[in-house]
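What follows is the content of coords38.cif, which has mmCIF, C-alpha atoms and all ligand atoms:
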data_query
#
loop_
_atom_site.label_atom_id
_atom_site.label_comp_id
_atom_site.auth_asym_id
_atom_site.auth_seq_id
_atom_site.Cartn_x
_atom_site.Cartn_y
_atom_site.Cartn_z
CA MET A 1 -20.23 49.65 11.91
CA PRO A 2 -22.31 47.64 14.42
CA SER A 3 -25.85 48.58 15.42
CA SER A 4 -26.08 50.58 18.63
CA LYS A 5 -27.47 49.03 21.81
CA LYS A 6 -30.67 51.08 21.48
CA VAL A 7 -31.19 49.95 17.89
CA ALA A 8 -30.53 46.32 18.87
CA LYS A 9 -33.10 46.56 21.69
CA GLU A 10 -35.72 48.00 19.35
CA ILE A 11 -35.07 45.32 16.71
CA LEU A 12 -35.45 42.71 19.45
CA ARG A 13 -38.78 44.22 20.53
CA LEU A 14 -40.00 44.25 16.91
CA SER A 15 -38.84 40.67 16.29
CA LYS A 16 -40.64 39.19 19.27
CA ASN A 17 -44.04 39.09 17.58
CA THR A 18 -42.99 37.68 14.23
CA PRO A 19 -44.92 34.62 13.10
CA TYR A 20 -41.77 33.27 11.43
CA GLN A 21 -39.67 30.65 13.18
CA GLU A 22 -36.47 31.76 11.46
CA ILE A 23 -34.92 35.20 11.74
CA VAL A 24 -32.20 36.06 9.24
CA GLU A 25 -29.67 38.83 9.65
CA LEU A 26 -28.44 39.98 6.24
CA GLY A 27 -24.85 41.14 6.68
CA SER A 28 -24.13 40.34 10.31
CA GLY A 29 -20.72 42.04 10.60
CA PHE A 30 -19.03 41.14 13.91
CA GLY A 31 -22.16 39.32 15.04
CA SER A 32 -23.19 41.45 18.01
CA LEU A 33 -26.79 41.90 16.84
CA ALA A 34 -27.23 38.26 15.79
CA ILE A 35 -25.86 37.04 19.13
CA PHE A 36 -28.02 39.51 21.08
CA LEU A 37 -31.14 38.33 19.21
CA ALA A 38 -30.27 34.65 19.62
CA ILE A 39 -29.73 34.98 23.38
CA ASN A 40 -32.96 36.91 23.86
CA LEU A 41 -35.09 34.82 21.49
CA PRO A 42 -34.16 31.27 22.56
CA ASN A 43 -37.19 29.74 20.83
CA LYS A 44 -36.31 31.19 17.43
CA LYS A 45 -33.68 30.01 14.98
CA ILE A 46 -31.32 32.85 14.06
CA ILE A 47 -29.39 32.69 10.80
CA ALA A 48 -26.70 35.24 9.95
CA TYR A 49 -24.88 35.83 6.66
CA GLU A 50 -21.65 37.78 6.40
CA LEU A 51 -19.40 38.07 3.36
CA SER A 52 -16.22 39.49 4.88
CA PHE A 53 -13.84 37.00 6.43
CA PHE A 54 -12.54 38.96 9.43
CA PRO A 55 -15.92 40.08 10.86
CA TRP A 56 -17.31 36.59 10.21
CA LEU A 57 -14.38 35.00 12.09
CA ILE A 58 -14.84 37.34 15.07
CA SER A 59 -18.57 36.56 15.12
CA LYS A 60 -17.85 32.81 15.18
CA ILE A 61 -15.42 33.28 18.08
CA LEU A 62 -17.97 35.39 20.00
CA GLN A 63 -20.65 32.78 19.36
CA THR A 64 -18.39 30.10 20.83
CA ILE A 65 -17.48 32.24 23.87
CA PHE A 66 -21.14 33.01 24.61
CA ARG A 67 -22.19 29.41 23.77
CA VAL A 68 -25.06 30.51 21.56
CA LYS A 69 -26.74 27.38 20.21
CA ASN A 70 -29.74 28.73 18.25
CA LEU A 71 -27.55 30.77 15.88
CA THR A 72 -25.87 29.72 12.62
CA ILE A 73 -23.44 32.18 11.07
CA TYR A 74 -22.52 31.58 7.45
CA LYS A 75 -19.71 33.21 5.51
CA LYS A 76 -21.93 33.53 2.47
CA ASN A 77 -23.55 36.06 0.17
CA PHE A 78 -27.15 36.44 1.35
CA LEU A 79 -28.18 37.37 -2.20
CA LYS A 80 -27.63 33.73 -3.17
CA GLN A 81 -29.68 32.26 -0.31
CA ASN A 82 -33.31 31.28 0.09
CA LEU A 83 -34.87 34.15 2.07
CA LYS A 84 -38.50 33.06 1.83
CA ASN A 85 -40.71 32.70 4.90
CA LYS A 86 -38.25 34.20 7.35
CA LEU A 87 -38.10 37.52 9.16
CA LEU A 88 -35.31 39.51 7.49
CA ILE A 89 -33.23 42.02 9.42
CA CYS A 90 -30.67 44.27 7.79
CA TYR A 91 -28.44 47.27 8.29
CA LEU A 92 -26.80 47.68 4.90
CA PHE A 93 -25.99 50.61 2.60
CA PRO A 94 -27.88 52.05 -0.41
CA LYS A 95 -26.31 49.74 -3.02
CA GLY A 96 -26.91 46.70 -0.77
CA MET A 97 -30.55 47.74 -0.29
CA GLN A 98 -30.97 48.03 -4.06
CA LYS A 99 -29.62 44.51 -4.61
CA LEU A 100 -31.84 43.13 -1.87
CA GLU A 101 -34.85 44.92 -3.34
CA ASP A 102 -34.10 43.40 -6.77
CA LYS A 103 -33.93 39.94 -5.21
CA LEU A 104 -37.25 40.43 -3.40
CA PHE A 105 -38.91 41.39 -6.70
CA ASP A 106 -37.19 38.74 -8.85
CA GLU A 107 -38.04 35.90 -6.49
CA THR A 108 -41.40 37.34 -5.33
CA ILE A 109 -40.41 37.04 -1.70
CA ASN A 110 -43.31 37.91 0.58
CA THR A 111 -42.09 38.43 4.09
CA GLN A 112 -41.41 40.87 6.91
CA ILE A 113 -38.30 43.05 6.83
CA ILE A 114 -36.79 45.28 9.48
CA SER A 115 -34.20 47.64 8.02
CA SER A 116 -32.02 49.87 10.14
CA THR A 117 -30.92 53.24 8.73
CA PHE A 118 -31.65 52.67 5.02
CA ALA A 119 -34.96 52.34 3.17
CA PHE A 120 -35.79 50.58 -0.08
CA LYS A 121 -36.16 52.82 -3.09
CA HIS A 122 -39.38 51.35 -4.50
CA ILE A 123 -41.02 49.33 -1.73
CA LYS A 124 -43.04 51.55 0.61
CA PHE A 125 -42.43 50.97 4.30
CA ARG A 126 -45.37 50.17 6.58
CA GLU A 127 -43.89 52.09 9.47
CA LYS A 128 -40.87 54.24 10.23
CA LEU A 129 -39.53 54.49 13.78
CA LYS A 130 -36.87 56.84 15.05
CA ILE A 131 -34.46 55.61 17.70
CA ASN A 132 -33.49 58.03 20.43
CA ASP A 133 -29.74 57.65 19.90
CA ILE A 134 -27.15 60.19 18.77
CA TYR A 135 -27.83 59.48 15.09
CA LYS A 136 -31.64 59.44 15.51
CA THR A 137 -31.41 56.15 13.59
CA PRO A 138 -34.49 55.39 11.49
CA ILE A 139 -35.85 51.85 11.42
CA TYR A 140 -38.12 50.88 8.53
CA LEU A 141 -40.68 48.09 8.75
CA TYR A 142 -41.80 46.30 5.61
CA LYS A 143 -44.33 43.66 4.74
CA THR A 144 -43.70 42.70 1.12
C1 LIG B 1 -23.20 47.99 8.47
S1 LIG B 1 -22.67 46.32 8.63
C2 LIG B 1 -23.94 45.73 9.70
C3 LIG B 1 -23.45 44.91 10.86
C4 LIG B 1 -24.56 44.25 11.69
N1 LIG B 1 -25.70 43.87 10.87
C5 LIG B 1 -25.05 45.12 12.82
O1 LIG B 1 -26.18 45.62 12.72
O2 LIG B 1 -24.33 45.30 13.80
C6 LIG B 1 -23.13 45.60 7.06
C7 LIG B 1 -22.48 44.25 6.79
O3 LIG B 1 -23.12 43.63 5.68
C8 LIG B 1 -22.15 42.82 5.00
N2 LIG B 1 -22.67 42.52 3.66
C9 LIG B 1 -22.97 43.41 2.67
N3 LIG B 1 -23.46 42.77 1.59
C10 LIG B 1 -23.51 41.45 1.90
C11 LIG B 1 -23.95 40.29 1.19
N4 LIG B 1 -24.44 40.36 -0.05
N5 LIG B 1 -23.86 39.08 1.82
C12 LIG B 1 -23.37 38.98 3.08
N6 LIG B 1 -22.94 40.08 3.80
C13 LIG B 1 -23.00 41.28 3.22
C14 LIG B 1 -20.91 43.70 5.02
O4 LIG B 1 -19.74 42.91 4.85
C15 LIG B 1 -21.00 44.33 6.44
O5 LIG B 1 -20.26 43.58 7.38
#
Would you mind writing the structure in this file as structure tokens?
Ligand SMILES: C[S@@+](CC[C@H](N)C(=O)[O-])C[C@H]1O[C@@H](n2cnc3c(N)ncnc32)[C@H](O)[C@@H]1O
Amino acid sequence: MPSSKKVAKEILRLSKNTPYQEIVELGSGFGSLAIFLAINLPNKKIIAYELSFFPWLISKILQTIFRVKNLTIYKKNFLKQNLKNKLLICYLFPKGMQKLEDKLFDETINTQIISSTFAFKHIKFREKLKINDIYKTPIYLYKT
């Protein structure tokens, strides 16, 4: 399920001040959030990882249609990638959050993370925002 427009706008606002040059979306689905961020943050490099073939394919087609140059979408497992020194953005599910949390601990990744909807179990968030949409979507901000 893609992020709502309101969530995407809030993630964009939060991403604008990051000191990192690269912004990584972990599980980019159909690519709407990654494309939105890339268009609105032309000076940043956006990297997106998606495991499922069909959403990945759609996202590549959308990227071509919108001619988004500062975005690279990989059909890869983000758990096997180098996630150090990049702003991480995710909207996963509890099991996915657990695996990401394990990776952050195992590889001692110190970075900023913006997580929509789901929180980590053991890492304490710095801030929790509530989006004024129908789900009252929570957004968790982390600095690990
Ligand atoms: C809820 S969707 C989020 C879509 C998009 N991020 C958005 O906000 O619109 C979560 C996506 O994460 C992908 N995913 C889950 N685990 C992954 C992994 N380890 N590597 C790459 N993609 C993964 C799933 O295939 C799914 O498309």
With distances taken over only C-alpha atoms, which of A:Ser52, A:Lys84, A:Val7, A:Ser28 is nearest to Pro138 (chain A)? A:Val7
List every residue of chain A that has an atom at most 9 Å from any atom of ligand LIG 1 (chain B), giving for each one its closest atom pair and the distance in Å to one decimal, counting all atoms listed in the file, sorted by chain and then by ascending residue number, as a tab-separated table.
residue	atom	partner	partner_atom	distance
A:Met1	CA	B:LIG1	C1	4.8
A:Pro2	CA	B:LIG1	O2	3.2
A:Ser3	CA	B:LIG1	O2	4.0
A:Ser4	CA	B:LIG1	O2	7.4
A:Val7	CA	B:LIG1	O1	8.4
A:Ala8	CA	B:LIG1	O1	7.6
A:Glu25	CA	B:LIG1	N1	6.5
A:Leu26	CA	B:LIG1	N6	6.0
A:Gly27	CA	B:LIG1	O3	3.2
A:Ser28	CA	B:LIG1	N1	3.9
A:Gly29	CA	B:LIG1	O5	3.6
A:Phe30	CA	B:LIG1	C3	6.6
A:Gly31	CA	B:LIG1	C4	6.4
A:Ser32	CA	B:LIG1	O2	5.8
A:Leu33	CA	B:LIG1	O2	5.2
A:Ala34	CA	B:LIG1	N1	7.6
A:Ala48	CA	B:LIG1	C12	8.5
A:Tyr49	CA	B:LIG1	C12	5.0
A:Glu50	CA	B:LIG1	N6	3.7
A:Leu51	CA	B:LIG1	C12	4.1
A:Ser52	CA	B:LIG1	O4	4.9
A:Phe53	CA	B:LIG1	O4	8.5
A:Pro55	CA	B:LIG1	O5	6.6
A:Trp56	CA	B:LIG1	O5	8.1
A:Tyr74	CA	B:LIG1	C12	8.6
A:Lys75	CA	B:LIG1	C12	7.3
A:Lys76	CA	B:LIG1	C12	5.7
A:Asn77	CA	B:LIG1	N5	3.5
A:Phe78	CA	B:LIG1	N5	4.2
A:Leu79	CA	B:LIG1	N4	5.2
A:Lys80	CA	B:LIG1	N4	8.0
A:Ile89	CA	B:LIG1	N1	7.9
A:Cys90	CA	B:LIG1	N1	5.9
A:Tyr91	CA	B:LIG1	C2	5.0
A:Leu92	CA	B:LIG1	C6	4.7
A:Phe93	CA	B:LIG1	C1	7.0
A:Lys95	CA	B:LIG1	N3	8.8
A:Gly96	CA	B:LIG1	N3	5.7
A:Met97	CA	B:LIG1	N3	8.9
A:Lys99	CA	B:LIG1	N4	8.1
A:Leu100	CA	B:LIG1	N4	8.1
A:Ser116	CA	B:LIG1	O1	7.7
Residues within 6 Å of Tyr142 (chain A), please, as a PyMOL selection string. Count only C-alpha atoms; anything in the same chain fewer than 5 positions from it doesn't count. chain A and resi 112-113+125-126
Excluding Glu101 (chain A) and its own-chain neighbours fewer than 5 positions away, which residues fall within 9 Å of it when counting all atoms listed in the file? Please give them as number ranges by chain. A: 96, 106, 120-123
Can you write out the residues you just picked, keeping C-alpha atoms, as a compact mmCIF listing (two decimals), in the coordinates of the input?
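Listing of again-v5.txt after writing:
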# COMPACT_ATOMS: atom_id res chain seq x y z
CA GLY A 96 -26.91 46.70 -0.77
CA ASP A 106 -37.19 38.74 -8.85
CA PHE A 120 -35.79 50.58 -0.08
CA LYS A 121 -36.16 52.82 -3.09
CA HIS A 122 -39.38 51.35 -4.50
CA ILE A 123 -41.02 49.33 -1.73
